[in-house]
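J.: The structure that follows is given in the form of structure tokens.
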Number of protein chains: 2
Amino acid sequence: MKLEQDILAKNNAYAAQNRERFAAQGVLALNLVSSPGSGKTTLLCKTIEALKGKLDLAVVEGDQQTSHDAERIRATGAPAVQINTGKGCHLDAHMVGHALEKLSLNKGNVLMIENVGNLVCPAAFDLGEAGKVVILSVTEGEDKPLKYPDMFRAARLMLVNKCDLLPYLQFDVEKAIAYARRVNPLIEVIRVSATTGEGMADWLAWIEKGAAAVRG
Amino acid sequence: MKLEQDILAKNNAYAAQNRERFAAQGVLALNLVSSPGSGKTTLLCKTIEALKGKLDLAVVEGDQQTSHDAERIRATGAPAVQINTGKGCHLDAHMVGHALEKLSLNKGNVLMIENVGNLVCPAAFDLGEAGKVVILSVTEGEDKPLKYPDMFRAARLMLVNKCDLLPYLQFDVEKAIAYARRVNPLIEVIRVSATTGEGMADWLAWIEKGAAAVRG
């Protein structure tokens with residue numbers, strides 16, 4: 001408990017530094033969190049492509065092992081830095097600070113931090129982001145917000161992803177949204193599908209609004 | 001530090017109970033925080049009157065001493081419970097839980113928790129609310145968000161209050177908003193005046209949207 005507190009206090013100090021840096025640069029930083037396999041990277045690739053010419057995105061990829069995700073991002077033309085956490089189950093603000101040294105961000109850029117797939121630990125670690133975006137795939141259970149309340153409480157926005165698969169599943173979207181609002185009544189919700197493009201316009205508009213606010 | 005941690009852990013357990021209760025009741029709870037004298041109570045009275053017949057509001061009033069504010073609220077016809085914190089500089093979730101026993105809330109109601117005027121301690125104490133609303137009066141300095149970053153970071157919405165006085169002051173609203181976004185890039189902002197009614201429609205719409213989400 002004491003150790004945990006020290007770790008979080010240290011993390012918060014690094015997070016404050018990152019936040020200062022984002023503010024000085026005019027960069028919107030989002031922290032994308034989810035279970036493994038929620039479709040974050042595919043969604044990010046589509047997002048980068050859809051925003052080409054309007055907004056420049058950069059990505060920090062967190063995974064225990066491999067740099068597969070950073071490679072997928074780079075194939076879109078966007079800069080990406082891979083962080084391998086090894087035994088660690090989440091990104092922390094110190095790691096992100098180091099990743100920032102390898103990225104040259106400009107005013108109006110958006111930094112997407114794709115966290116390790118884990119609905120528990122990343123909830124407690126502030127990375128200096130403007131907000132957390134939680135991605136819930138409709139292939140998971142709709143009770144995830146009740147099982148992982150800290151994460152859904154910490155998030156600004158929930159993306160209900162892979163909505164194209166709804167006809168083939170028993171997933172009750174309304175129930176999932178009601179559960180999310182039970183733990184976080186003001187959470188924003190957008191239903192998306194990277195495959196059909198459903199909801200992408202709303203998601204892109206949400207990012208653009210945030211980027212404009214930070215750019216000033 | 002250890003004591004502080006224990007206090008916060010205890011508070012969080014009570015906050016979780018309050019949150020469960022609000023969810024079960026279908027009640028939107030907002031935690032209103034500000035410096036002393038920001039105009040919270042006047043704004044609340046106008047809000048209650050403007051929403052009459054549309055939404056029922058109840059109020060928990062926090063002050064070190066006196067029940068003046070609860071009396072002002074009751075004069076509008078809305079139920080109000082006063083909590084006197086004595087030496088305490090903030091409401092905690094346990095106090096709010098007890099106040100809830102004295103209020104009969106129904107589905108769709110909105111509970112406004114007017115915290116003690118203090119921009120420091122209330123930031124750390126979750127009361128089980130859906131979100132914090134920070135009120136910044138234009139009669140204060142526009143650098144308040146930088147001086148009290150924890151509070152402005154914790155808030156969902158900033159109300160820039162007493163905007164009718166802007167012609168007589170040196171207050172730079174754009175600067176205040178930029179400072180708030182430096183610590184919380186996604187914070188929502190509404191400029192209001194309880195006196196002229198400026199911005200009230202936006203503020204009322206914001207409340208109604210939240211209440212609808214919780215009511216389901």
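Following the order of the structure tokens, chains are lettered A, B, ..., residues in each are numbered from 1, and ligands are numbered from 1.
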Please produce, as JSON lines, a per-residue contact table for chain B versus chain A (criterion: any atom at most 8 Å away, only C-alpha atoms considered), showing the nearest atom pair and its distance in Å to one decimal, sorted by chain then residue number.
T.:
{"residue": "B:Lys2", "atom": "CA", "partner": "A:Lys2", "partner_atom": "CA", "distance": 7.7}
{"residue": "B:Arg19", "atom": "CA", "partner": "A:Val183", "partner_atom": "CA", "distance": 7.4}
{"residue": "B:Glu20", "atom": "CA", "partner": "A:Arg182", "partner_atom": "CA", "distance": 7.6}
{"residue": "B:Ala23", "atom": "CA", "partner": "A:Arg182", "partner_atom": "CA", "distance": 5.4}
{"residue": "B:Leu28", "atom": "CA", "partner": "A:Pro185", "partner_atom": "CA", "distance": 7.5}
{"residue": "B:Ala130", "atom": "CA", "partner": "A:Pro185", "partner_atom": "CA", "distance": 5.4}
{"residue": "B:Gly131", "atom": "CA", "partner": "A:Leu186", "partner_atom": "CA", "distance": 7.1}
{"residue": "B:Ala178", "atom": "CA", "partner": "A:Gly216", "partner_atom": "CA", "distance": 6.9}
{"residue": "B:Arg181", "atom": "CA", "partner": "A:Val214", "partner_atom": "CA", "distance": 6.6}
{"residue": "B:Arg182", "atom": "CA", "partner": "A:Ala23", "partner_atom": "CA", "distance": 5.4}
{"residue": "B:Val183", "atom": "CA", "partner": "A:Arg19", "partner_atom": "CA", "distance": 7.4}
{"residue": "B:Asn184", "atom": "CA", "partner": "A:Ala130", "partner_atom": "CA", "distance": 6.2}
{"residue": "B:Pro185", "atom": "CA", "partner": "A:Ala130", "partner_atom": "CA", "distance": 5.4}
{"residue": "B:Leu186", "atom": "CA", "partner": "A:Gly210", "partner_atom": "CA", "distance": 6.2}
{"residue": "B:Gly210", "atom": "CA", "partner": "A:Leu186", "partner_atom": "CA", "distance": 6.2}
{"residue": "B:Ala213", "atom": "CA", "partner": "A:Pro185", "partner_atom": "CA", "distance": 6.6}
{"residue": "B:Val214", "atom": "CA", "partner": "A:Pro185", "partner_atom": "CA", "distance": 5.7}
{"residue": "B:Gly216", "atom": "CA", "partner": "A:Ala178", "partner_atom": "CA", "distance": 6.9}
J.: Next, dump the selected residues to file, keeping only all heavy atoms, as a CSV table (one decimal), in the first residue's frame.
T.:
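Saved as part36.csv:
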chain,number,residue,atom,x,y,z
B,2,LYS,N,0.5,8.9,5.4
B,2,LYS,CA,-0.2,7.6,5.6
B,2,LYS,C,-1.7,7.9,6.1
B,2,LYS,O,-2.6,7.3,5.6
B,2,LYS,CB,0.6,6.8,6.6
B,2,LYS,CG,-0.1,5.5,7.1
B,2,LYS,CD,0.0,4.5,5.9
B,2,LYS,CE,-0.4,3.1,6.4
B,2,LYS,NZ,-1.9,3.0,6.8
B,19,ARG,N,-22.5,6.7,-4.9
B,19,ARG,CA,-22.6,6.5,-6.4
B,19,ARG,C,-23.6,5.4,-6.7
B,19,ARG,O,-24.5,5.6,-7.6
B,19,ARG,CB,-21.3,6.3,-7.0
B,19,ARG,CG,-21.2,6.3,-8.5
B,19,ARG,CD,-19.8,6.3,-9.0
B,19,ARG,NE,-19.3,7.6,-8.9
B,19,ARG,CZ,-18.3,8.0,-8.1
B,19,ARG,NH1,-17.7,7.0,-7.4
B,19,ARG,NH2,-17.9,9.2,-8.0
B,20,GLU,N,-23.5,4.3,-6.0
B,20,GLU,CA,-24.5,3.2,-6.2
B,20,GLU,C,-25.9,3.7,-6.0
B,20,GLU,O,-26.8,3.3,-6.7
B,20,GLU,CB,-24.2,2.1,-5.1
B,20,GLU,CG,-23.1,1.1,-5.5
B,20,GLU,CD,-23.6,0.3,-6.7
B,20,GLU,OE1,-24.7,-0.3,-6.7
B,20,GLU,OE2,-22.8,0.2,-7.7
B,23,ALA,N,-27.1,5.9,-8.7
B,23,ALA,CA,-27.4,5.1,-9.9
B,23,ALA,C,-28.8,4.3,-9.7
B,23,ALA,O,-29.6,4.3,-10.7
B,23,ALA,CB,-26.3,4.1,-10.2
B,28,LEU,N,-29.0,12.4,-11.0
B,28,LEU,CA,-27.7,13.0,-11.4
B,28,LEU,C,-27.2,13.9,-10.3
B,28,LEU,O,-27.9,14.8,-9.8
B,28,LEU,CB,-27.9,13.9,-12.6
B,28,LEU,CG,-26.7,14.8,-13.1
B,28,LEU,CD1,-25.6,13.9,-13.7
B,28,LEU,CD2,-27.1,15.9,-14.0
B,130,ALA,N,-21.5,12.5,-10.2
B,130,ALA,CA,-21.3,12.3,-11.6
B,130,ALA,C,-20.1,13.1,-12.1
B,130,ALA,O,-19.3,12.6,-12.9
B,130,ALA,CB,-22.5,12.5,-12.4
B,131,GLY,N,-20.0,14.3,-11.6
B,131,GLY,CA,-18.9,15.2,-12.0
B,131,GLY,C,-18.9,16.5,-11.2
B,131,GLY,O,-19.8,16.8,-10.5
B,178,ALA,N,-8.0,29.6,-21.5
B,178,ALA,CA,-6.8,28.9,-22.0
B,178,ALA,C,-6.0,28.3,-20.8
B,178,ALA,O,-5.5,27.2,-20.9
B,178,ALA,CB,-5.9,30.0,-22.7
B,181,ARG,N,-7.7,25.1,-19.8
B,181,ARG,CA,-7.4,24.0,-20.8
B,181,ARG,C,-6.0,23.6,-20.7
B,181,ARG,O,-5.6,22.5,-21.2
B,181,ARG,CB,-7.8,24.5,-22.2
B,181,ARG,CG,-9.3,24.6,-22.3
B,181,ARG,CD,-9.8,24.5,-23.8
B,181,ARG,NE,-11.2,24.4,-23.8
B,181,ARG,CZ,-12.1,25.2,-24.4
B,181,ARG,NH1,-11.6,26.2,-25.2
B,181,ARG,NH2,-13.3,25.0,-24.4
B,182,ARG,N,-5.1,24.4,-20.2
B,182,ARG,CA,-3.7,24.0,-20.0
B,182,ARG,C,-3.6,22.9,-19.0
B,182,ARG,O,-2.8,21.9,-19.2
B,182,ARG,CB,-2.8,25.2,-19.6
B,182,ARG,CG,-1.3,24.8,-19.7
B,182,ARG,CD,-0.4,25.9,-19.2
B,182,ARG,NE,-0.5,27.2,-20.0
B,182,ARG,CZ,0.2,28.3,-19.7
B,182,ARG,NH1,1.0,28.3,-18.6
B,182,ARG,NH2,0.1,29.3,-20.4
B,183,VAL,N,-4.4,22.9,-18.0
B,183,VAL,CA,-4.4,21.8,-17.0
B,183,VAL,C,-5.4,20.8,-17.3
B,183,VAL,O,-5.3,19.7,-16.8
B,183,VAL,CB,-4.6,22.4,-15.5
B,183,VAL,CG1,-3.5,23.3,-15.1
B,183,VAL,CG2,-6.0,23.1,-15.4
B,184,ASN,N,-6.4,21.1,-18.1
B,184,ASN,CA,-7.5,20.1,-18.4
B,184,ASN,C,-8.1,20.4,-19.8
B,184,ASN,O,-9.1,21.1,-19.9
B,184,ASN,CB,-8.6,20.2,-17.3
B,184,ASN,CG,-9.8,19.3,-17.6
B,184,ASN,OD1,-9.8,18.5,-18.6
B,184,ASN,ND2,-10.7,19.2,-16.6
B,185,PRO,N,-7.3,19.9,-20.8
B,185,PRO,CA,-7.7,20.3,-22.2
B,185,PRO,C,-9.1,20.0,-22.6
B,185,PRO,O,-9.6,20.6,-23.5
B,185,PRO,CB,-6.7,19.4,-23.0
B,185,PRO,CG,-5.5,19.2,-22.1
B,185,PRO,CD,-6.2,19.0,-20.7
B,186,LEU,N,-9.7,19.0,-22.0
B,186,LEU,CA,-11.1,18.6,-22.4
B,186,LEU,C,-12.2,19.3,-21.5
B,186,LEU,O,-13.4,18.9,-21.7
B,186,LEU,CB,-11.2,17.1,-22.5
B,186,LEU,CG,-10.3,16.4,-23.4
B,186,LEU,CD1,-10.5,14.9,-23.3
B,186,LEU,CD2,-10.5,16.8,-24.9
B,210,GLY,N,-27.3,15.6,-18.8
B,210,GLY,CA,-26.8,14.7,-17.8
B,210,GLY,C,-27.9,13.9,-17.1
B,210,GLY,O,-27.7,12.7,-16.9
B,213,ALA,N,-29.2,11.2,-19.3
B,213,ALA,CA,-28.3,10.0,-19.4
B,213,ALA,C,-28.4,9.1,-18.2
B,213,ALA,O,-28.4,7.9,-18.3
B,213,ALA,CB,-26.8,10.5,-19.5
B,214,VAL,N,-28.6,9.7,-17.0
B,214,VAL,CA,-28.6,8.9,-15.8
B,214,VAL,C,-30.0,8.3,-15.6
B,214,VAL,O,-30.1,7.1,-15.2
B,214,VAL,CB,-28.4,9.9,-14.5
B,214,VAL,CG1,-28.6,9.1,-13.2
B,214,VAL,CG2,-27.0,10.4,-14.6
B,216,GLY,N,-31.8,7.3,-18.0
B,216,GLY,CA,-31.8,6.2,-18.9
B,216,GLY,C,-33.0,6.1,-19.8
B,216,GLY,O,-34.0,6.9,-19.6
J.: Using only C-alpha atoms, which residues sit within 10 Å of His98 of chain A once same-chain residues fewer than 6 positions away are excluded, as a list of chain:residue names?
T.: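 Contacts, in chain order: A:Asn18, A:Val81, A:Ile83.
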J.: Go ahead and save the residues from that selection, with N, CA and C atoms, as a short mmCIF file (atom, residue, chain, number, x, y, z; two decimals), in the first residue's frame.
T.:
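Result saved to again-v7.cif:
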data_model
loop_
_atom_site.label_atom_id
_atom_site.label_comp_id
_atom_site.auth_asym_id
_atom_site.auth_seq_id
_atom_site.Cartn_x
_atom_site.Cartn_y
_atom_site.Cartn_z
N ASN A 18 4.80 15.76 -18.38
CA ASN A 18 4.28 15.48 -19.73
C ASN A 18 3.16 16.46 -20.08
N VAL A 81 6.26 5.35 -31.86
CA VAL A 81 7.33 4.85 -30.99
C VAL A 81 6.76 3.69 -30.20
N ILE A 83 6.86 1.16 -27.09
CA ILE A 83 7.42 0.91 -25.74
C ILE A 83 7.10 -0.53 -25.39
#
J.: Just the residues within 10 Å of Ala9 of chain B, please, counting only C-alpha atoms, with nothing from its chain fewer than 6 positions along; format it as a list in words.
T.: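 Surrounding residues, per the criterion: Leu3, Ala15 and Phe125 of chain B.
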J.: Would you save the residues of that selection, restricted to N, CA and C atoms, as a PDB file, in the first residue's frame?
T.:
ATOM      1  N   LEU B   3      -1.770   8.876   6.994  1.00  0.00           N
ATOM      2  CA  LEU B   3      -3.070   9.250   7.542  1.00  0.00           C
ATOM      3  C   LEU B   3      -3.967   9.751   6.419  1.00  0.00           C
ATOM      4  N   ALA B  15     -17.962   7.118  -0.945  1.00  0.00           N
ATOM      5  CA  ALA B  15     -18.326   7.708  -2.240  1.00  0.00           C
ATOM      6  C   ALA B  15     -18.909   6.646  -3.162  1.00  0.00           C
ATOM      7  N   PHE B 125     -11.646  14.976  -2.639  1.00  0.00           N
ATOM      8  CA  PHE B 125     -12.697  14.182  -2.009  1.00  0.00           C
ATOM      9  C   PHE B 125     -13.845  13.905  -2.980  1.00  0.00           C
TER      10      PHE B 125
END
J.: Just the residues within 10 Å of Asp92 of chain B, please, counting only C-alpha atoms, with nothing from its chain fewer than 6 positions along; format it as a list in words.
T.: Ile7, Leu8, Lys10, Asn11, Asn12, Tyr14, Ala15, Gly62, Thr85, Asn115, Cys121, Pro122, Ala124, Phe125, Asp126, Leu127 and Gly128 of chain B
J.: Atoms to include: N, CA, C and O atoms. Write the selected residues as a PDB file, in the first residue's frame.
T.:
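And here is the file that came out, result-v8.pdb:
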ATOM      1  N   ILE B   7      -7.551   8.277   5.132  1.00  0.00           N
ATOM      2  CA  ILE B   7      -8.760   9.107   5.081  1.00  0.00           C
ATOM      3  C   ILE B   7      -9.373   9.038   3.687  1.00  0.00           C
ATOM      4  O   ILE B   7     -10.580   8.867   3.530  1.00  0.00           O
ATOM      5  N   LEU B   8      -8.523   9.139   2.668  1.00  0.00           N
ATOM      6  CA  LEU B   8      -9.047   9.122   1.298  1.00  0.00           C
ATOM      7  C   LEU B   8      -9.628   7.753   0.943  1.00  0.00           C
ATOM      8  O   LEU B   8     -10.656   7.671   0.279  1.00  0.00           O
ATOM      9  N   LYS B  10     -11.018   5.627   2.976  1.00  0.00           N
ATOM     10  CA  LYS B  10     -12.307   5.542   3.679  1.00  0.00           C
ATOM     11  C   LYS B  10     -13.357   6.369   2.926  1.00  0.00           C
ATOM     12  O   LYS B  10     -14.474   5.927   2.714  1.00  0.00           O
ATOM     13  N   ASN B  11     -12.943   7.577   2.551  1.00  0.00           N
ATOM     14  CA  ASN B  11     -13.866   8.446   1.821  1.00  0.00           C
ATOM     15  C   ASN B  11     -14.322   7.792   0.518  1.00  0.00           C
ATOM     16  O   ASN B  11     -15.502   7.838   0.164  1.00  0.00           O
ATOM     17  N   ASN B  12     -13.370   7.171  -0.186  1.00  0.00           N
ATOM     18  CA  ASN B  12     -13.712   6.557  -1.475  1.00  0.00           C
ATOM     19  C   ASN B  12     -14.726   5.430  -1.318  1.00  0.00           C
ATOM     20  O   ASN B  12     -15.561   5.216  -2.194  1.00  0.00           O
ATOM     21  N   TYR B  14     -17.110   5.316   0.986  1.00  0.00           N
ATOM     22  CA  TYR B  14     -18.416   5.982   1.146  1.00  0.00           C
ATOM     23  C   TYR B  14     -18.896   6.575  -0.180  1.00  0.00           C
ATOM     24  O   TYR B  14     -20.079   6.548  -0.500  1.00  0.00           O
ATOM     25  N   ALA B  15     -17.962   7.118  -0.945  1.00  0.00           N
ATOM     26  CA  ALA B  15     -18.326   7.708  -2.240  1.00  0.00           C
ATOM     27  C   ALA B  15     -18.909   6.646  -3.162  1.00  0.00           C
ATOM     28  O   ALA B  15     -19.892   6.890  -3.876  1.00  0.00           O
ATOM     29  N   GLY B  62     -22.976  22.840   1.811  1.00  0.00           N
ATOM     30  CA  GLY B  62     -21.846  22.707   2.730  1.00  0.00           C
ATOM     31  C   GLY B  62     -21.302  24.068   3.117  1.00  0.00           C
ATOM     32  O   GLY B  62     -21.016  24.882   2.238  1.00  0.00           O
ATOM     33  N   THR B  85     -19.609  21.939   8.447  1.00  0.00           N
ATOM     34  CA  THR B  85     -18.384  21.136   8.564  1.00  0.00           C
ATOM     35  C   THR B  85     -17.549  21.546   9.773  1.00  0.00           C
ATOM     36  O   THR B  85     -16.547  20.894  10.069  1.00  0.00           O
ATOM     37  N   ASN B 115     -20.403  22.601  -2.407  1.00  0.00           N
ATOM     38  CA  ASN B 115     -19.292  22.341  -1.497  1.00  0.00           C
ATOM     39  C   ASN B 115     -18.881  23.608  -0.751  1.00  0.00           C
ATOM     40  O   ASN B 115     -19.293  24.714  -1.106  1.00  0.00           O
ATOM     41  N   CYS B 121      -8.938  21.545  -0.986  1.00  0.00           N
ATOM     42  CA  CYS B 121      -9.273  20.225  -0.438  1.00  0.00           C
ATOM     43  C   CYS B 121     -10.428  19.512  -1.155  1.00  0.00           C
ATOM     44  O   CYS B 121     -10.370  18.291  -1.336  1.00  0.00           O
ATOM     45  N   PRO B 122     -11.494  20.203  -1.537  1.00  0.00           N
ATOM     46  CA  PRO B 122     -12.602  19.463  -2.168  1.00  0.00           C
ATOM     47  C   PRO B 122     -12.188  18.727  -3.451  1.00  0.00           C
ATOM     48  O   PRO B 122     -12.870  17.794  -3.865  1.00  0.00           O
ATOM     49  N   ALA B 124      -9.835  16.651  -3.788  1.00  0.00           N
ATOM     50  CA  ALA B 124      -9.375  15.293  -3.479  1.00  0.00           C
ATOM     51  C   ALA B 124     -10.501  14.390  -2.978  1.00  0.00           C
ATOM     52  O   ALA B 124     -10.321  13.180  -2.895  1.00  0.00           O
ATOM     53  N   PHE B 125     -11.646  14.976  -2.639  1.00  0.00           N
ATOM     54  CA  PHE B 125     -12.697  14.182  -2.009  1.00  0.00           C
ATOM     55  C   PHE B 125     -13.845  13.905  -2.980  1.00  0.00           C
ATOM     56  O   PHE B 125     -14.661  14.780  -3.277  1.00  0.00           O
ATOM     57  N   ASP B 126     -13.877  12.682  -3.434  1.00  0.00           N
ATOM     58  CA  ASP B 126     -14.977  12.192  -4.261  1.00  0.00           C
ATOM     59  C   ASP B 126     -16.207  12.062  -3.363  1.00  0.00           C
ATOM     60  O   ASP B 126     -16.135  11.461  -2.287  1.00  0.00           O
ATOM     61  N   LEU B 127     -17.316  12.621  -3.775  1.00  0.00           N
ATOM     62  CA  LEU B 127     -18.549  12.502  -2.976  1.00  0.00           C
ATOM     63  C   LEU B 127     -19.507  11.487  -3.594  1.00  0.00           C
ATOM     64  O   LEU B 127     -20.608  11.300  -3.110  1.00  0.00           O
ATOM     65  N   GLY B 128     -19.072  10.850  -4.683  1.00  0.00           N
ATOM     66  CA  GLY B 128     -19.948   9.928  -5.400  1.00  0.00           C
ATOM     67  C   GLY B 128     -20.691  10.632  -6.529  1.00  0.00           C
ATOM     68  O   GLY B 128     -21.570  10.061  -7.164  1.00  0.00           O
TER      69      GLY B 128
END
J.: Restricting the calculation to only C-alpha atoms: of B:Val60, B:Ile190, B:Leu111, B:Ala154, which residue gets closest to Ala205 of chain B?
T.: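 Residue with the minimum atom-to-atom distance to Ala205 of chain B: B:Ile190.
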J.: Within segment 55-153 of chain A, find each residue whose DSSP state, derived from the backbone, is strand (DSSP E), and express the selection as a count of residues only.
T.: 24
J.: Which of segment 33-124 of chain A counts as helix (DSSP H, G or I) under DSSP, as a ChimeraX atom specification please?
T.: /A:40-50,68-74,93-101,121-124
J.: Which one is closest to Leu44 of chain B: B:Leu119, B:Val138, B:Ala80, B:Val189? Count only C-alpha atoms.
T.: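 Using only C-alpha atoms, Leu44 of chain B sits closest to B:Ala80.
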J.: Take atom CA of Ser193 of chain A and atom CA of Gly37 of chain A and report the distance between them in Å, one decimal.
T.: 14.0 Å
J.: Would you pick out the contacts of Ile113 of chain A at 7 Å or less, using only C-alpha atoms, so that residues sharing its chain but fewer than 4 positions from it are not included, and give the list as a list of chain:residue names?
T.: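 Skipping anything fewer than 4 positions along the chain leaves A:Leu30, A:Asn31, A:Leu32, A:Val59, A:Val60, A:Glu61.
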